[in-house]
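Student: Okay, so here is upload34.cif, and as you'll see once you scroll down, it has mmCIF, C-alpha atoms.
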```cif
data_input
loop_
_atom_site.label_atom_id
_atom_site.label_comp_id
_atom_site.auth_asym_id
_atom_site.auth_seq_id
_atom_site.Cartn_x
_atom_site.Cartn_y
_atom_site.Cartn_z
CA MET A 1 73.40 85.44 90.37
CA ASP A 2 73.20 82.91 87.56
CA LYS A 3 76.13 80.50 87.74
CA ASN A 4 76.68 81.02 84.03
CA THR A 5 77.19 84.76 84.53
CA LYS A 6 80.92 85.16 84.84
CA ILE A 7 82.12 88.64 85.68
CA LYS A 8 85.65 89.36 84.53
CA ASN A 9 87.24 92.01 86.74
CA TRP A 10 90.82 91.48 85.60
CA PRO A 11 90.73 93.70 82.49
CA ARG A 12 89.66 96.65 84.67
CA HIS A 13 92.14 95.75 87.40
CA THR A 14 94.87 95.62 84.75
CA ILE A 15 94.04 99.14 83.59
CA GLN A 16 93.89 100.34 87.22
CA THR A 17 97.26 98.76 87.98
CA VAL A 18 98.95 100.12 84.85
CA TRP A 19 97.57 103.60 85.55
CA ALA A 20 98.63 103.46 89.23
CA ALA A 21 102.12 102.34 88.14
CA LEU A 22 102.37 105.11 85.53
CA THR A 23 101.33 107.86 87.92
CA ASN A 24 103.63 106.50 90.63
CA SER A 25 106.61 105.69 88.46
CA HIS A 26 109.23 107.58 90.47
CA VAL A 27 110.45 104.24 91.79
CA SER A 28 113.69 105.56 93.30
CA GLY A 29 111.57 107.57 95.74
CA PHE A 30 110.56 104.37 97.48
CA VAL A 31 114.24 103.64 98.16
CA THR A 32 115.56 107.10 99.00
CA GLY A 33 112.45 108.40 100.79
CA LYS A 34 112.46 111.51 98.60
CA ILE A 35 109.54 112.64 96.48
CA TYR A 36 109.65 113.54 92.79
CA THR A 37 110.24 117.25 92.26
CA GLY A 38 110.04 117.54 88.46
CA LYS A 39 107.84 119.71 86.26
CA MET A 40 105.24 116.98 85.75
CA LYS A 41 103.92 117.86 89.20
CA ASN A 42 102.42 120.96 87.63
CA VAL A 43 99.76 118.65 86.28
CA CYS A 44 96.97 117.04 88.28
CA VAL A 45 96.16 113.36 87.96
CA PRO A 46 92.45 112.50 87.68
CA GLY A 47 92.33 110.11 90.66
CA LEU A 48 93.08 110.45 94.35
CA ASN A 49 96.85 110.05 94.49
CA CYS A 50 98.80 111.82 97.24
CA TYR A 51 101.56 114.02 95.83
CA SER A 52 103.66 113.22 98.85
CA CYS A 53 103.77 109.57 97.82
CA PRO A 54 107.46 108.89 97.06
CA GLY A 55 106.47 107.50 93.67
CA ALA A 56 103.95 110.16 92.62
CA THR A 57 104.72 111.95 89.37
CA GLY A 58 101.63 114.17 89.33
CA ALA A 59 99.61 116.32 91.70
CA CYS A 60 96.56 115.16 93.64
CA PRO A 61 93.59 117.27 92.48
CA ILE A 62 91.99 117.44 95.92
CA GLY A 63 95.28 118.43 97.58
CA SER A 64 95.93 120.97 94.81
CA LEU A 65 92.44 122.43 95.14
CA GLN A 66 92.95 123.04 98.85
CA ALA A 67 96.45 124.41 98.24
CA VAL A 68 95.20 127.05 95.80
CA ILE A 69 92.05 127.94 97.76
CA GLY A 70 94.12 128.15 100.93
CA SER A 71 96.90 130.26 99.41
CA TRP A 72 97.09 133.89 100.42
CA ASN A 73 96.86 135.26 96.87
CA PHE A 74 94.14 133.07 95.30
CA LYS A 75 90.72 132.32 96.69
CA PHE A 76 89.35 130.39 93.76
CA ALA A 77 91.15 127.59 91.95
CA TYR A 78 90.30 128.01 88.27
CA TYR A 79 93.03 125.65 87.15
CA VAL A 80 92.11 122.72 89.40
CA VAL A 81 88.33 123.22 89.25
CA GLY A 82 88.61 123.56 85.46
CA PHE A 83 90.59 120.32 85.35
CA LEU A 84 87.97 118.53 87.46
CA ILE A 85 85.11 119.88 85.33
CA PHE A 86 86.95 118.85 82.15
CA VAL A 87 87.58 115.30 83.37
CA GLY A 88 84.12 114.99 84.95
CA ALA A 89 82.33 116.27 81.85
CA LEU A 90 84.12 113.75 79.66
CA LEU A 91 84.25 110.69 81.91
CA GLY A 92 82.16 111.19 85.06
CA ARG A 93 82.98 108.57 87.70
CA LEU A 94 84.71 106.33 85.19
CA VAL A 95 87.79 107.81 86.88
CA CYS A 96 86.76 106.15 90.17
CA GLY A 97 86.38 102.79 88.48
CA PHE A 98 89.50 102.85 86.34
CA LEU A 99 91.93 105.64 87.17
CA CYS A 100 92.08 105.93 90.96
CA PRO A 101 94.88 104.11 92.79
CA PHE A 102 93.03 104.28 96.11
CA GLY A 103 89.99 102.76 94.40
CA LEU A 104 92.19 99.89 93.22
CA ILE A 105 93.48 99.35 96.76
CA GLN A 106 89.91 99.11 98.05
CA ASP A 107 88.94 96.78 95.21
CA LEU A 108 91.77 94.43 96.14
CA LEU A 109 91.02 94.62 99.87
CA ASN A 110 87.43 93.64 99.18
CA LYS A 111 88.65 90.43 97.56
CA ILE A 112 89.86 89.22 100.98
CA PRO A 113 87.34 86.62 102.17
CA PHE A 114 85.17 87.61 105.12
CA PRO A 115 82.34 85.55 106.66
CA LYS A 116 79.68 88.22 106.25
CA LYS A 117 80.23 90.86 103.61
CA ILE A 118 77.85 93.80 103.89
CA ARG A 119 76.20 94.97 100.68
CA THR A 120 74.01 97.64 102.20
CA PHE A 121 72.54 98.60 105.55
CA ARG A 122 69.97 100.92 107.07
CA GLY A 123 71.10 104.49 106.57
CA ASP A 124 73.44 103.57 103.70
CA ASN A 125 71.79 105.99 101.29
CA VAL A 126 71.89 108.85 103.77
CA LEU A 127 75.51 108.16 104.66
CA ARG A 128 76.43 108.40 100.97
CA LYS A 129 75.57 112.11 101.12
CA LEU A 130 78.40 112.59 103.62
CA LYS A 131 80.98 112.84 100.82
CA TYR A 132 79.29 116.02 99.54
CA VAL A 133 79.41 117.55 103.02
CA ILE A 134 83.08 116.60 103.32
CA PHE A 135 83.81 118.20 99.95
CA LEU A 136 82.10 121.45 100.92
CA VAL A 137 83.38 121.69 104.48
CA PHE A 138 86.89 120.22 104.44
CA VAL A 139 87.97 120.94 100.86
CA ILE A 140 86.33 124.33 100.25
CA ILE A 141 85.04 126.18 103.32
CA LEU A 142 87.72 125.42 105.93
CA PRO A 143 90.78 126.06 103.69
CA MET A 144 89.10 129.24 102.42
CA PHE A 145 88.01 130.76 105.71
CA VAL A 146 90.04 129.21 108.54
CA THR A 147 93.36 130.88 107.82
CA ASP A 148 96.50 131.87 109.69
CA ILE A 149 97.80 135.43 110.09
CA MET A 150 99.32 135.20 106.60
CA GLY A 151 95.87 134.44 105.18
CA GLN A 152 96.78 130.85 104.34
CA GLY A 153 94.44 127.95 105.00
CA ALA A 154 95.56 124.39 105.69
CA PRO A 155 94.48 121.45 103.50
CA TYR A 156 91.97 120.25 106.11
CA PHE A 157 90.77 117.20 104.21
CA CYS A 158 94.33 115.97 103.69
CA LYS A 159 95.30 116.86 107.24
CA LEU A 160 92.38 115.42 109.16
CA ILE A 161 90.81 112.73 106.98
CA CYS A 162 92.58 111.46 103.86
CA PRO A 163 93.69 107.84 104.40
CA ALA A 164 95.27 107.81 100.92
CA GLY A 165 97.83 110.35 102.07
CA THR A 166 98.64 108.24 105.11
CA LEU A 167 99.01 105.06 103.11
CA GLU A 168 100.79 106.44 100.06
CA GLY A 169 102.81 109.21 101.70
CA GLY A 170 102.79 108.96 105.49
CA LEU A 171 103.77 105.33 105.94
CA PRO A 172 106.60 105.10 103.36
CA LEU A 173 108.09 108.49 104.21
CA VAL A 174 108.06 107.87 107.94
CA LEU A 175 109.57 104.43 107.44
CA LEU A 176 112.32 105.84 105.21
CA ASN A 177 113.15 109.02 107.15
CA LYS A 178 114.52 108.93 110.67
CA ALA A 179 113.83 112.65 111.22
CA MET A 180 110.16 112.16 110.38
CA ARG A 181 109.87 109.27 112.77
CA GLY A 182 110.90 111.66 115.50
CA ALA A 183 108.19 114.12 114.53
CA ILE A 184 105.27 111.70 114.89
CA GLY A 185 102.46 113.04 117.06
CA TRP A 186 98.74 112.71 117.72
CA LEU A 187 97.85 113.66 114.15
CA TYR A 188 99.84 110.76 112.73
CA ILE A 189 98.16 108.37 115.15
CA TRP A 190 94.73 109.79 114.25
CA LYS A 191 95.36 109.47 110.54
CA ASN A 192 96.66 105.92 110.92
CA ALA A 193 93.55 105.04 112.91
CA ILE A 194 91.40 106.33 110.01
CA LEU A 195 93.51 104.29 107.60
CA ILE A 196 93.10 101.12 109.67
CA VAL A 197 89.32 101.63 109.89
CA THR A 198 89.21 102.21 106.11
CA ILE A 199 91.21 99.04 105.43
CA VAL A 200 89.07 96.89 107.72
CA LEU A 201 85.83 98.32 106.33
CA SER A 202 87.07 97.80 102.76
CA VAL A 203 87.30 94.09 103.44
CA ILE A 204 83.70 94.01 104.65
CA ILE A 205 82.02 96.67 102.47
CA TYR A 206 82.83 97.40 98.83
CA ARG A 207 84.70 100.73 98.55
CA PRO A 208 83.54 102.42 101.77
CA PHE A 209 85.81 105.41 101.21
CA CYS A 210 84.42 106.01 97.72
CA ARG A 211 80.84 105.56 98.90
CA TYR A 212 80.86 107.79 101.95
CA ILE A 213 83.97 109.96 102.19
CA CYS A 214 85.74 110.73 98.91
CA PRO A 215 85.32 114.40 97.90
CA LEU A 216 86.76 113.67 94.47
CA GLY A 217 84.13 111.01 93.80
CA ALA A 218 81.51 113.45 95.08
CA PHE A 219 82.62 116.07 92.56
CA TYR A 220 82.80 113.67 89.62
CA SER A 221 79.41 112.15 90.54
CA ILE A 222 77.70 115.45 89.73
CA PHE A 223 78.80 114.94 86.11
CA ASN A 224 77.68 111.31 85.77
CA LYS A 225 74.36 112.30 84.22
CA VAL A 226 75.80 114.77 81.71
CA SER A 227 79.21 113.32 80.88
CA VAL A 228 80.08 112.48 77.30
CA TYR A 229 80.99 108.91 78.29
CA ARG A 230 77.94 107.26 79.79
CA TYR A 231 75.80 104.17 80.18
CA HIS A 232 72.62 103.40 78.34
CA VAL A 233 69.98 100.73 78.95
CA ASP A 234 67.93 99.67 75.95
CA MET A 235 64.52 99.19 77.54
CA GLU A 236 63.24 97.33 74.49
CA LYS A 237 65.88 94.65 75.00
CA CYS A 238 65.74 94.61 78.82
CA VAL A 239 64.00 91.54 80.27
CA HIS A 240 63.98 92.94 83.84
CA CYS A 241 65.84 89.94 85.22
CA GLY A 242 67.58 92.10 87.84
CA LYS A 243 71.01 90.58 87.23
CA CYS A 244 72.63 93.98 86.61
CA ALA A 245 71.49 95.33 89.97
CA LYS A 246 72.51 92.13 91.70
CA VAL A 247 76.11 92.22 90.49
CA CYS A 248 76.56 95.95 91.14
CA GLN A 249 78.89 96.36 94.09
CA MET A 250 77.98 100.03 94.46
CA GLU A 251 74.34 98.98 94.91
CA VAL A 252 73.08 100.79 91.83
CA ASN A 253 70.17 99.55 89.73
CA PRO A 254 71.11 100.48 86.13
CA VAL A 255 67.57 99.88 84.88
CA GLU A 256 66.26 102.57 87.22
CA ASP A 257 69.15 104.96 86.64
CA ALA A 258 71.90 103.99 84.23
CA ASN A 259 73.98 107.04 85.19
CA SER A 260 73.38 107.12 88.91
CA LEU A 261 75.61 109.41 90.99
CA GLU A 262 76.97 106.29 92.68
CA CYS A 263 77.91 104.44 89.50
CA ILE A 264 81.69 104.10 89.10
CA ARG A 265 81.27 102.64 85.60
CA CYS A 266 83.10 99.43 86.36
CA GLY A 267 81.09 97.58 83.70
CA ARG A 268 79.96 94.61 85.83
CA CYS A 269 76.30 95.26 84.97
CA ARG A 270 77.09 95.23 81.27
CA GLN A 271 78.82 91.87 81.60
CA ALA A 272 75.98 90.41 83.64
CA CYS A 273 73.21 91.42 81.24
CA PRO A 274 72.01 88.27 79.42
CA VAL A 275 70.51 90.23 76.52
CA GLN A 276 73.19 92.91 76.06
CA ALA A 277 70.74 95.67 76.87
CA ILE A 278 73.38 97.77 78.63
CA SER A 279 75.86 99.69 76.56
CA CYS A 280 78.43 102.34 77.35
CA GLY A 281 80.57 104.78 75.48
CA LEU A 282 80.33 108.19 73.88
CA ARG A 283 76.80 109.43 73.42
CA LYS A 284 75.44 109.50 69.93
CA GLN A 285 73.18 112.48 70.57
CA MET B 1 65.86 119.16 81.75
CA LYS B 2 66.11 115.51 80.76
CA LYS B 3 66.86 116.53 77.20
CA LEU B 4 69.63 118.77 78.45
CA THR B 5 71.30 116.04 80.50
CA GLN B 6 70.99 113.51 77.70
CA SER B 7 72.55 115.76 75.12
CA ARG B 8 76.19 115.15 74.28
CA GLY B 9 76.49 118.89 73.74
CA THR B 10 76.07 119.51 77.47
CA GLY B 11 79.06 117.32 78.32
CA LEU B 12 81.16 118.85 75.57
CA ALA B 13 80.17 122.38 76.57
CA LEU B 14 81.13 121.68 80.17
CA ALA B 15 84.43 120.18 79.03
CA ALA B 16 85.07 123.38 77.05
CA VAL B 17 84.27 125.47 80.14
CA GLY B 18 86.77 123.32 82.02
CA VAL B 19 89.45 123.99 79.43
CA LEU B 20 88.80 127.74 79.56
CA MET B 21 88.95 127.73 83.35
CA MET B 22 92.20 125.77 83.28
CA ALA B 23 93.66 128.25 80.81
CA PHE B 24 92.63 131.20 82.98
CA GLY B 25 94.03 129.52 86.10
CA ILE B 26 97.33 128.86 84.34
CA TYR B 27 97.39 132.46 83.06
CA ARG B 28 97.05 133.89 86.55
CA GLY B 29 99.75 131.64 87.95
CA GLU B 30 97.84 128.99 89.89
CA MET B 31 99.98 126.25 88.45
CA MET B 32 102.95 127.56 90.42
CA VAL B 33 101.01 127.13 93.68
CA VAL B 34 100.18 123.55 92.70
CA LEU B 35 103.79 122.83 91.75
CA THR B 36 105.20 124.38 94.92
CA LYS B 37 102.83 122.32 97.06
CA ALA B 38 103.40 119.11 95.09
CA VAL B 39 107.22 119.16 95.01
CA ASN B 40 107.53 119.68 98.75
CA ILE B 41 106.50 116.99 101.20
CA CYS B 42 103.05 117.95 102.45
CA MET B 43 103.40 117.47 106.20
CA GLU B 44 99.65 117.76 106.76
CA CYS B 45 98.91 115.13 104.12
CA ILE B 46 101.22 112.56 105.69
CA GLY B 47 100.03 113.31 109.21
CA ILE B 48 103.11 115.04 110.63
CA GLY B 49 102.29 118.74 110.59
#
```
Have the structure of the file written as structure tokens, please.
Tutor:
Amino acid sequence: MDKNTKIKNWPRHTIQTVWAALTNSHVSGFVTGKIYTGKMKNVCVPGLNCYSCPGATGACPIGSLQAVIGSWNFKFAYYVVGFLIFVGALLGRLVCGFLCPFGLIQDLLNKIPFPKKIRTFRGDNVLRKLKYVIFLVFVIILPMFVTDIMGQGAPYFCKLICPAGTLEGGLPLVLLNKAMRGAIGWLYIWKNAILIVTIVLSVIIYRPFCRYICPLGAFYSIFNKVSVYRYHVDMEKCVHCGKCAKVCQMEVNPVEDANSLECIRCGRCRQACPVQAISCGLRKQ
Amino acid sequence: MKKLTQSRGTGLALAAVGVLMMAFGIYRGEMMVVLTKAVNICMECIGIG
């Protein structure tokens, strides 16, 4: 990258931090070990934010989706799916870049120096498809069909995979509640192992959870190409210098596909462009 | 197809579908399931149950 190209990440990190603070503003929960139980939890937040986090003031959309699908009386979640379609159709994966607390955590972890950061590897593109499989299997199919005698399915993604739940809910609640410490079993160990792997990988690879695992990112990615907010590359201005692709931490080439499924709309490419050929915002047409 | 994806109308139409689905979900009481799940500690989510 050109030494003169200075990418400013702090404005985005500021928005991410403010949003994470707003959606986790039940501060007393972190002292008492009790979660917020007010009416605001009727409403989903756009990013991945465990509702069992002591600070959470809203509901996690992926947890909510599994809860409704897995409930005995509903087998389709119009409310949550409608919410996800609404957000996705307006913003696409801008949510991943700006409004996801777990995305922020991975962003910050990736700032930790490491001798050999990995940008991409053989099989990277194939592995990125895994998040769609996880969405279908763990968020939809298992909660819908693997049910108990009451006809209720468990939130399998949250239970078996989600490291955000472990970090935001599991660790603080277990630390603050003696009774929960006594209930720790193999599942807690398994989930903490996933969390540790995610943390270590986040230092080495940029946003590994978002790239390969996150079902929420998978869902929003479908809308990247049709969302109202989107990126545009002016090919008449573009000088094909390749700087935009070089600075993209999600390994997207905006010139080839300005609204790639993998683009989290962080805006680094726009900053790197020497001729201001990349723009973003609401579509004119 | 390209025209369809590049049209702002597609995004707005989908957003409207989302709103309608949300309204229908709220009407049939899905919000209560979300609230009930969200105000109780989710043992599966935190790795206990």
Student: With all atoms listed in the file considered, list every residue of chain B at most 6 Å from chain A, as a list in words.
Tutor: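 Those within range of chain A come out as Thr5, Ser7, Arg8, Gly11, Leu14, Ala15, Gly18, Met21, Met22, Gly25, Met31, Val34, Leu35, Ala38, Val39, Ile41, Cys42, Glu44, Cys45, Ile46, Gly47 and Ile48 of chain B.
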Student: Quick one: pull the distance between CA of Lys6 (chain A) and CA of Lys237 (chain A), Å, one decimal.
Tutor: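 About the pair CA of Lys6 (chain A) and CA of Lys237 (chain A): they are 20.3 Å apart.
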Student: Could you check which residues have any atom within 10 Å of (83.4, 95.1, 99.5), counting all atoms listed in the file with coordinates taken straight from the file, and then list them as a VMD selection string?
Tutor: chain A and resid 106 to 114 117 to 119 201 to 208 249 to 250
Student: Using the chain letters and numbers from this file, what does the PyMOL selection byres ((chain A and resi 255-260) around 6) select? Give the answer as a PyMOL selection string.
Tutor: chain A and resi 224-225+231-232+253-254+261-263
Student: List the residues sitting within 12 Å of (93.0, 100.7, 90.5) in the file's frame, using all atoms listed in the file, as an NGL selection string.
Tutor: :A and (9-23 or 47-49 or 94-109 or 207 or 264 or 266)
Student: Take the selection from the previous step and output its residues with C-alpha atoms, as a PDB file, in the coordinates of the input.
Tutor:
```pdb
ATOM      1  CA  ASN A   9      87.240  92.010  86.740  1.00  0.00           C
ATOM      2  CA  TRP A  10      90.820  91.480  85.600  1.00  0.00           C
ATOM      3  CA  PRO A  11      90.730  93.700  82.490  1.00  0.00           C
ATOM      4  CA  ARG A  12      89.660  96.650  84.670  1.00  0.00           C
ATOM      5  CA  HIS A  13      92.140  95.750  87.400  1.00  0.00           C
ATOM      6  CA  THR A  14      94.870  95.620  84.750  1.00  0.00           C
ATOM      7  CA  ILE A  15      94.040  99.140  83.590  1.00  0.00           C
ATOM      8  CA  GLN A  16      93.890 100.340  87.220  1.00  0.00           C
ATOM      9  CA  THR A  17      97.260  98.760  87.980  1.00  0.00           C
ATOM     10  CA  VAL A  18      98.950 100.120  84.850  1.00  0.00           C
ATOM     11  CA  TRP A  19      97.570 103.600  85.550  1.00  0.00           C
ATOM     12  CA  ALA A  20      98.630 103.460  89.230  1.00  0.00           C
ATOM     13  CA  ALA A  21     102.120 102.340  88.140  1.00  0.00           C
ATOM     14  CA  LEU A  22     102.370 105.110  85.530  1.00  0.00           C
ATOM     15  CA  THR A  23     101.330 107.860  87.920  1.00  0.00           C
ATOM     16  CA  GLY A  47      92.330 110.110  90.660  1.00  0.00           C
ATOM     17  CA  LEU A  48      93.080 110.450  94.350  1.00  0.00           C
ATOM     18  CA  ASN A  49      96.850 110.050  94.490  1.00  0.00           C
ATOM     19  CA  LEU A  94      84.710 106.330  85.190  1.00  0.00           C
ATOM     20  CA  VAL A  95      87.790 107.810  86.880  1.00  0.00           C
ATOM     21  CA  CYS A  96      86.760 106.150  90.170  1.00  0.00           C
ATOM     22  CA  GLY A  97      86.380 102.790  88.480  1.00  0.00           C
ATOM     23  CA  PHE A  98      89.500 102.850  86.340  1.00  0.00           C
ATOM     24  CA  LEU A  99      91.930 105.640  87.170  1.00  0.00           C
ATOM     25  CA  CYS A 100      92.080 105.930  90.960  1.00  0.00           C
ATOM     26  CA  PRO A 101      94.880 104.110  92.790  1.00  0.00           C
ATOM     27  CA  PHE A 102      93.030 104.280  96.110  1.00  0.00           C
ATOM     28  CA  GLY A 103      89.990 102.760  94.400  1.00  0.00           C
ATOM     29  CA  LEU A 104      92.190  99.890  93.220  1.00  0.00           C
ATOM     30  CA  ILE A 105      93.480  99.350  96.760  1.00  0.00           C
ATOM     31  CA  GLN A 106      89.910  99.110  98.050  1.00  0.00           C
ATOM     32  CA  ASP A 107      88.940  96.780  95.210  1.00  0.00           C
ATOM     33  CA  LEU A 108      91.770  94.430  96.140  1.00  0.00           C
ATOM     34  CA  LEU A 109      91.020  94.620  99.870  1.00  0.00           C
ATOM     35  CA  ARG A 207      84.700 100.730  98.550  1.00  0.00           C
ATOM     36  CA  ILE A 264      81.690 104.100  89.100  1.00  0.00           C
ATOM     37  CA  CYS A 266      83.100  99.430  86.360  1.00  0.00           C
TER      38      CYS A 266
END
```
Student: What does the distance from CA of Cys244 (chain A) to CA of Arg270 (chain A) come to in Å, to one decimal?
Tutor: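 Rounded to one decimal, the two atoms are 7.1 Å apart.
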Student: For CA of Gly29 (chain A) and CA of Leu176 (chain A), quote the distance in Å rounded to one decimal.
Tutor: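 Atom-to-atom, CA of Gly29 (chain A) and CA of Leu176 (chain A) are spaced 9.7 Å apart.
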